[in-house]
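Novice: File model_10.csv follows (CSV, N, CA and C atoms):
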chain,number,residue,atom,x,y,z
T,1022,MET,N,42.7,60.1,-5.5
T,1022,MET,CA,41.3,59.9,-6.0
T,1022,MET,C,41.5,59.7,-7.5
T,1023,LEU,N,41.0,58.6,-8.0
T,1023,LEU,CA,41.0,58.3,-9.4
T,1023,LEU,C,39.7,58.6,-10.1
T,1024,ARG,N,38.6,58.3,-9.5
T,1024,ARG,CA,37.3,58.6,-10.1
T,1024,ARG,C,36.4,59.2,-9.0
T,1025,GLY,N,35.4,59.9,-9.5
T,1025,GLY,CA,34.4,60.5,-8.6
T,1025,GLY,C,33.1,60.7,-9.2
T,1026,ALA,N,32.2,61.2,-8.4
T,1026,ALA,CA,30.8,61.5,-8.9
T,1026,ALA,C,30.8,62.6,-10.0
T,1027,PRO,N,30.0,62.6,-11.0
T,1027,PRO,CA,30.0,63.6,-12.0
T,1027,PRO,C,29.6,65.0,-11.4
T,1028,CYS,N,28.9,65.0,-10.3
T,1028,CYS,CA,28.5,66.3,-9.8
T,1028,CYS,C,29.6,67.0,-9.0
T,1029,GLY,N,30.7,66.3,-8.8
T,1029,GLY,CA,31.8,66.9,-8.1
T,1029,GLY,C,31.8,66.7,-6.6
T,1030,ALA,N,30.8,66.0,-6.0
T,1030,ALA,CA,30.7,65.8,-4.6
T,1030,ALA,C,31.9,65.1,-4.0
T,1031,THR,N,32.5,64.2,-4.8
T,1031,THR,CA,33.6,63.4,-4.3
T,1031,THR,C,34.8,64.2,-4.0
T,1032,TRP,N,35.1,65.1,-4.9
T,1032,TRP,CA,36.3,66.0,-4.7
T,1032,TRP,C,36.1,67.1,-3.6
T,1033,ARG,N,34.9,67.7,-3.7
T,1033,ARG,CA,34.6,68.7,-2.7
T,1033,ARG,C,34.6,68.1,-1.2
T,1034,ALA,N,34.0,66.9,-1.1
T,1034,ALA,CA,34.0,66.3,0.2
T,1034,ALA,C,35.5,65.9,0.7
T,1035,LEU,N,36.3,65.4,-0.3
T,1035,LEU,CA,37.6,65.0,0.0
T,1035,LEU,C,38.5,66.2,0.4
T,1036,GLU,N,38.3,67.4,-0.2
T,1036,GLU,CA,39.0,68.6,0.1
T,1036,GLU,C,38.9,68.9,1.6
T,1037,LYS,N,37.7,68.7,2.2
T,1037,LYS,CA,37.5,69.1,3.6
T,1037,LYS,C,38.1,68.1,4.5
T,1038,LEU,N,38.5,66.9,4.0
T,1038,LEU,CA,39.1,65.9,4.9
T,1038,LEU,C,40.6,65.8,4.9
T,1039,ILE,N,41.2,66.5,4.1
T,1039,ILE,CA,42.7,66.5,4.0
T,1039,ILE,C,43.3,66.9,5.3
T,1040,GLY,N,44.2,66.1,5.8
T,1040,GLY,CA,44.8,66.4,7.1
T,1040,GLY,C,44.2,65.7,8.3
T,1041,MET,N,43.0,65.1,8.1
T,1041,MET,CA,42.3,64.5,9.2
T,1041,MET,C,43.0,63.1,9.5
T,1042,GLU,N,42.8,62.5,10.6
T,1042,GLU,CA,43.2,61.2,10.9
T,1042,GLU,C,42.3,60.2,10.2
T,1043,VAL,N,42.8,59.0,9.9
T,1043,VAL,CA,42.1,58.0,9.1
T,1043,VAL,C,40.8,57.7,9.7
T,1044,PHE,N,40.7,57.5,11.1
T,1044,PHE,CA,39.5,57.1,11.7
T,1044,PHE,C,38.4,58.2,11.6
T,1045,GLU,N,38.9,59.5,11.6
T,1045,GLU,CA,37.9,60.6,11.4
T,1045,GLU,C,37.4,60.6,10.0
T,1046,ILE,N,38.2,60.4,9.0
T,1046,ILE,CA,37.8,60.4,7.6
T,1046,ILE,C,36.8,59.3,7.4
T,1047,ALA,N,37.0,58.1,7.9
T,1047,ALA,CA,36.1,57.0,7.8
T,1047,ALA,C,34.7,57.3,8.3
T,1048,THR,N,34.6,58.1,9.3
T,1048,THR,CA,33.3,58.5,9.9
T,1048,THR,C,32.7,59.6,9.1
T,1049,ARG,N,33.5,60.6,8.6
T,1049,ARG,CA,32.9,61.8,8.0
T,1049,ARG,C,32.7,61.7,6.5
T,1050,TYR,N,33.4,60.9,5.8
T,1050,TYR,CA,33.4,61.0,4.3
T,1050,TYR,C,32.0,60.8,3.7
T,1051,GLY,N,31.3,59.8,4.1
T,1051,GLY,CA,30.0,59.5,3.5
T,1051,GLY,C,29.0,60.7,3.9
T,1052,LEU,N,29.1,61.2,5.1
T,1052,LEU,CA,28.3,62.4,5.4
T,1052,LEU,C,28.6,63.6,4.6
T,1053,ASP,N,29.9,63.9,4.5
T,1053,ASP,CA,30.3,65.1,3.7
T,1053,ASP,C,29.9,64.9,2.2
T,1054,VAL,N,29.9,63.7,1.7
T,1054,VAL,CA,29.5,63.5,0.3
T,1054,VAL,C,28.0,63.9,0.2
T,1055,GLN,N,27.2,63.5,1.2
T,1055,GLN,CA,25.8,63.8,1.2
T,1055,GLN,C,25.6,65.3,1.2
T,1056,PHE,N,26.3,66.0,2.0
T,1056,PHE,CA,26.2,67.5,2.0
T,1056,PHE,C,26.6,68.1,0.7
T,1057,GLN,N,27.5,67.5,-0.1
T,1057,GLN,CA,28.0,68.1,-1.3
T,1057,GLN,C,27.2,67.6,-2.5
T,1058,CYS,N,26.4,66.6,-2.4
T,1058,CYS,CA,25.7,65.9,-3.5
T,1058,CYS,C,24.6,66.9,-4.0
T,1059,SER,N,24.5,66.9,-5.3
T,1059,SER,CA,23.5,67.8,-5.9
T,1059,SER,C,22.2,67.0,-6.3
T,1060,ALA,N,22.2,65.7,-6.0
T,1060,ALA,CA,21.0,64.9,-6.4
T,1060,ALA,C,19.8,65.4,-5.5
T,1061,ASP,N,18.6,65.2,-6.0
T,1061,ASP,CA,17.4,65.5,-5.3
T,1061,ASP,C,17.2,64.5,-4.2
T,1062,PRO,N,17.3,64.9,-2.9
T,1062,PRO,CA,17.1,64.0,-1.8
T,1062,PRO,C,15.7,63.5,-1.7
T,1063,ALA,N,14.7,64.1,-2.4
T,1063,ALA,CA,13.3,63.6,-2.3
T,1063,ALA,C,13.1,62.5,-3.3
T,1064,GLY,N,14.0,62.3,-4.3
T,1064,GLY,CA,13.8,61.2,-5.2
T,1064,GLY,C,14.2,59.9,-4.5
T,1065,TRP,N,13.3,59.0,-4.6
T,1065,TRP,CA,13.6,57.7,-3.9
T,1065,TRP,C,13.7,56.6,-5.0
T,1066,ASP,N,14.8,55.9,-4.9
T,1066,ASP,CA,15.1,54.8,-5.8
T,1066,ASP,C,14.4,53.5,-5.4
T,1067,PRO,N,13.5,53.0,-6.1
T,1067,PRO,CA,12.7,51.8,-5.7
T,1067,PRO,C,13.6,50.6,-5.7
T,1068,LEU,N,14.7,50.5,-6.5
T,1068,LEU,CA,15.5,49.3,-6.5
T,1068,LEU,C,16.5,49.3,-5.3
T,1069,TRP,N,17.0,50.4,-4.9
T,1069,TRP,CA,17.9,50.5,-3.8
T,1069,TRP,C,17.2,50.7,-2.5
T,1070,GLY,N,16.0,51.3,-2.6
T,1070,GLY,CA,15.3,51.6,-1.4
T,1070,GLY,C,15.9,52.8,-0.6
T,1071,LYS,N,16.6,53.6,-1.3
T,1071,LYS,CA,17.2,54.8,-0.7
T,1071,LYS,C,17.1,56.0,-1.6
T,1072,SER,N,17.3,57.2,-1.0
T,1072,SER,CA,17.4,58.4,-1.8
T,1072,SER,C,18.7,58.4,-2.4
T,1073,PRO,N,18.9,59.2,-3.5
T,1073,PRO,CA,20.2,59.3,-4.2
T,1073,PRO,C,21.3,59.7,-3.3
T,1074,ILE,N,21.1,60.7,-2.4
T,1074,ILE,CA,22.2,61.1,-1.6
T,1074,ILE,C,22.6,60.0,-0.6
T,1075,HIS,N,21.7,59.2,-0.1
T,1075,HIS,CA,22.1,58.1,0.8
T,1075,HIS,C,22.8,57.0,0.0
T,1076,LEU,N,22.4,56.8,-1.2
T,1076,LEU,CA,23.1,55.8,-2.1
T,1076,LEU,C,24.5,56.4,-2.3
T,1077,ALA,N,24.7,57.6,-2.6
T,1077,ALA,CA,26.0,58.2,-2.9
T,1077,ALA,C,26.9,58.1,-1.7
T,1078,ALA,N,26.4,58.3,-0.5
T,1078,ALA,CA,27.2,58.2,0.7
T,1078,ALA,C,27.6,56.7,0.9
T,1079,ASP,N,26.8,55.8,0.6
T,1079,ASP,CA,27.1,54.4,0.8
T,1079,ASP,C,28.2,54.0,-0.3
T,1080,VAL,N,28.0,54.4,-1.5
T,1080,VAL,CA,29.0,54.1,-2.5
T,1080,VAL,C,30.4,54.7,-2.2
T,1081,HIS,N,30.4,55.9,-1.8
T,1081,HIS,CA,31.7,56.6,-1.5
T,1081,HIS,C,32.3,55.9,-0.2
T,1082,PHE,N,31.5,55.6,0.8
T,1082,PHE,CA,32.0,55.0,2.0
T,1082,PHE,C,32.7,53.6,1.6
T,1083,LYS,N,32.0,52.8,0.8
T,1083,LYS,CA,32.5,51.5,0.4
T,1083,LYS,C,33.8,51.6,-0.4
T,1084,ALA,N,33.9,52.6,-1.2
T,1084,ALA,CA,35.1,52.9,-2.0
T,1084,ALA,C,36.2,53.3,-1.1
T,1085,LEU,N,36.0,54.1,-0.1
T,1085,LEU,CA,37.0,54.5,0.9
T,1085,LEU,C,37.5,53.3,1.7
T,1086,GLN,N,36.5,52.4,2.1
T,1086,GLN,CA,36.9,51.2,2.8
T,1086,GLN,C,37.9,50.3,2.0
T,1087,ARG,N,37.5,50.2,0.7
T,1087,ARG,CA,38.3,49.4,-0.2
T,1087,ARG,C,39.7,50.0,-0.4
T,1088,ALA,N,39.8,51.3,-0.5
T,1088,ALA,CA,41.1,52.0,-0.7
T,1088,ALA,C,41.9,51.9,0.5
T,1089,LEU,N,41.3,52.0,1.7
T,1089,LEU,CA,42.1,51.9,3.0
T,1089,LEU,C,42.6,50.4,3.1
T,1090,LYS,N,41.8,49.5,2.8
T,1090,LYS,CA,42.2,48.1,2.8
T,1090,LYS,C,43.4,47.8,1.9
T,1091,ASN,N,43.3,48.3,0.7
T,1091,ASN,CA,44.4,48.2,-0.3
T,1091,ASN,C,45.7,48.9,0.2
T,1092,ALA,N,45.5,50.0,0.8
T,1092,ALA,CA,46.7,50.7,1.3
T,1092,ALA,C,47.4,49.9,2.4
T,1093,GLU,N,46.6,49.3,3.3
T,1093,GLU,CA,47.1,48.5,4.4
T,1093,GLU,C,47.9,47.3,3.8
T,1094,ASN,N,47.3,46.7,2.8
T,1094,ASN,CA,48.0,45.5,2.2
T,1094,ASN,C,49.3,45.8,1.5
T,1095,LYS,N,49.5,47.1,1.1
T,1095,LYS,CA,50.7,47.5,0.4
T,1095,LYS,C,51.8,47.8,1.4
T,1096,GLU,N,51.5,48.0,2.7
T,1096,GLU,CA,52.5,48.4,3.7
T,1096,GLU,C,53.3,47.2,4.1
Here is the file; what I need is its structure written in the form of C-alpha cells.
Specialist:
Amino acid sequence: MLRGAPCGATWRALEKLIGMEVFEIATRYGLDVQFQCSADPAGWDPLWGKSPIHLAADVHFKALQRALKNAENKE
C-alpha cells in the first residue's frame, strides 16, 4: 500500500484481508473500507450521486483492480 484514505480506512480494511485469496479480497475490500470509513454516510454528494462511504468503496475497489492488473503484467 502506497497511499490511503486520511481517515485510515484503507489500512484498517487491508489488515483484515491479509492471508485471503485474491478472489476473496476483490469481493471484500470495498465493503471493508465502508465499515472502516469515518465519513458521514448520511452526507450525499450531488456530483457523484453517492454517499461518501459508497464513493470510498468504489475508489478503493478501482485502485485494487488496477494494482492486481499491474501485478499480473509484471509476472
Novice: So that I can see what lies close to range 1074-1086 of chain T, please list as JSON, numbers by chain the residues with an atom at most 8 Å from it, counting all atoms listed in the file and leaving out residues fewer than 6 positions away in the same chain.
Specialist: {"T": [1031, 1047, 1050, 1051, 1052, 1053, 1054, 1055, 1056, 1058, 1059, 1060, 1061, 1062, 1063, 1064, 1092]}
Novice: Just checking: using only C-alpha atoms, which residue out of T:Ser1072, T:Lys1090, T:Gln1057, T:Glu1045 ends up closest to Ala1030 in chain T?
Specialist: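 Checking each of T:Ser1072, T:Lys1090, T:Gln1057, T:Glu1045 against Ala1030 in chain T, counting only C-alpha atoms, the winner is T:Gln1057.
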Novice: Please compute the CA of Trp1069 in chain T-CA of Trp1032 in chain T distance, one decimal, in Å.
Specialist: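 A separation of 24.1 Å between them.
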Novice: If you run DSSP over the backbone, which residues in range 1035-1071 of chain T end up alpha helix (DSSP H)? Put them as an MDAnalysis selection string.
Specialist: chainID T and resid 1035:1038 1043:1057
Novice: Using CA of Leu1089 in chain T and CA of Val1043 in chain T as the two end points, give the distance in Å to one decimal.
Specialist: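 Interatomic distance, CA of Leu1089 in chain T to CA of Val1043 in chain T: 8.6 Å.
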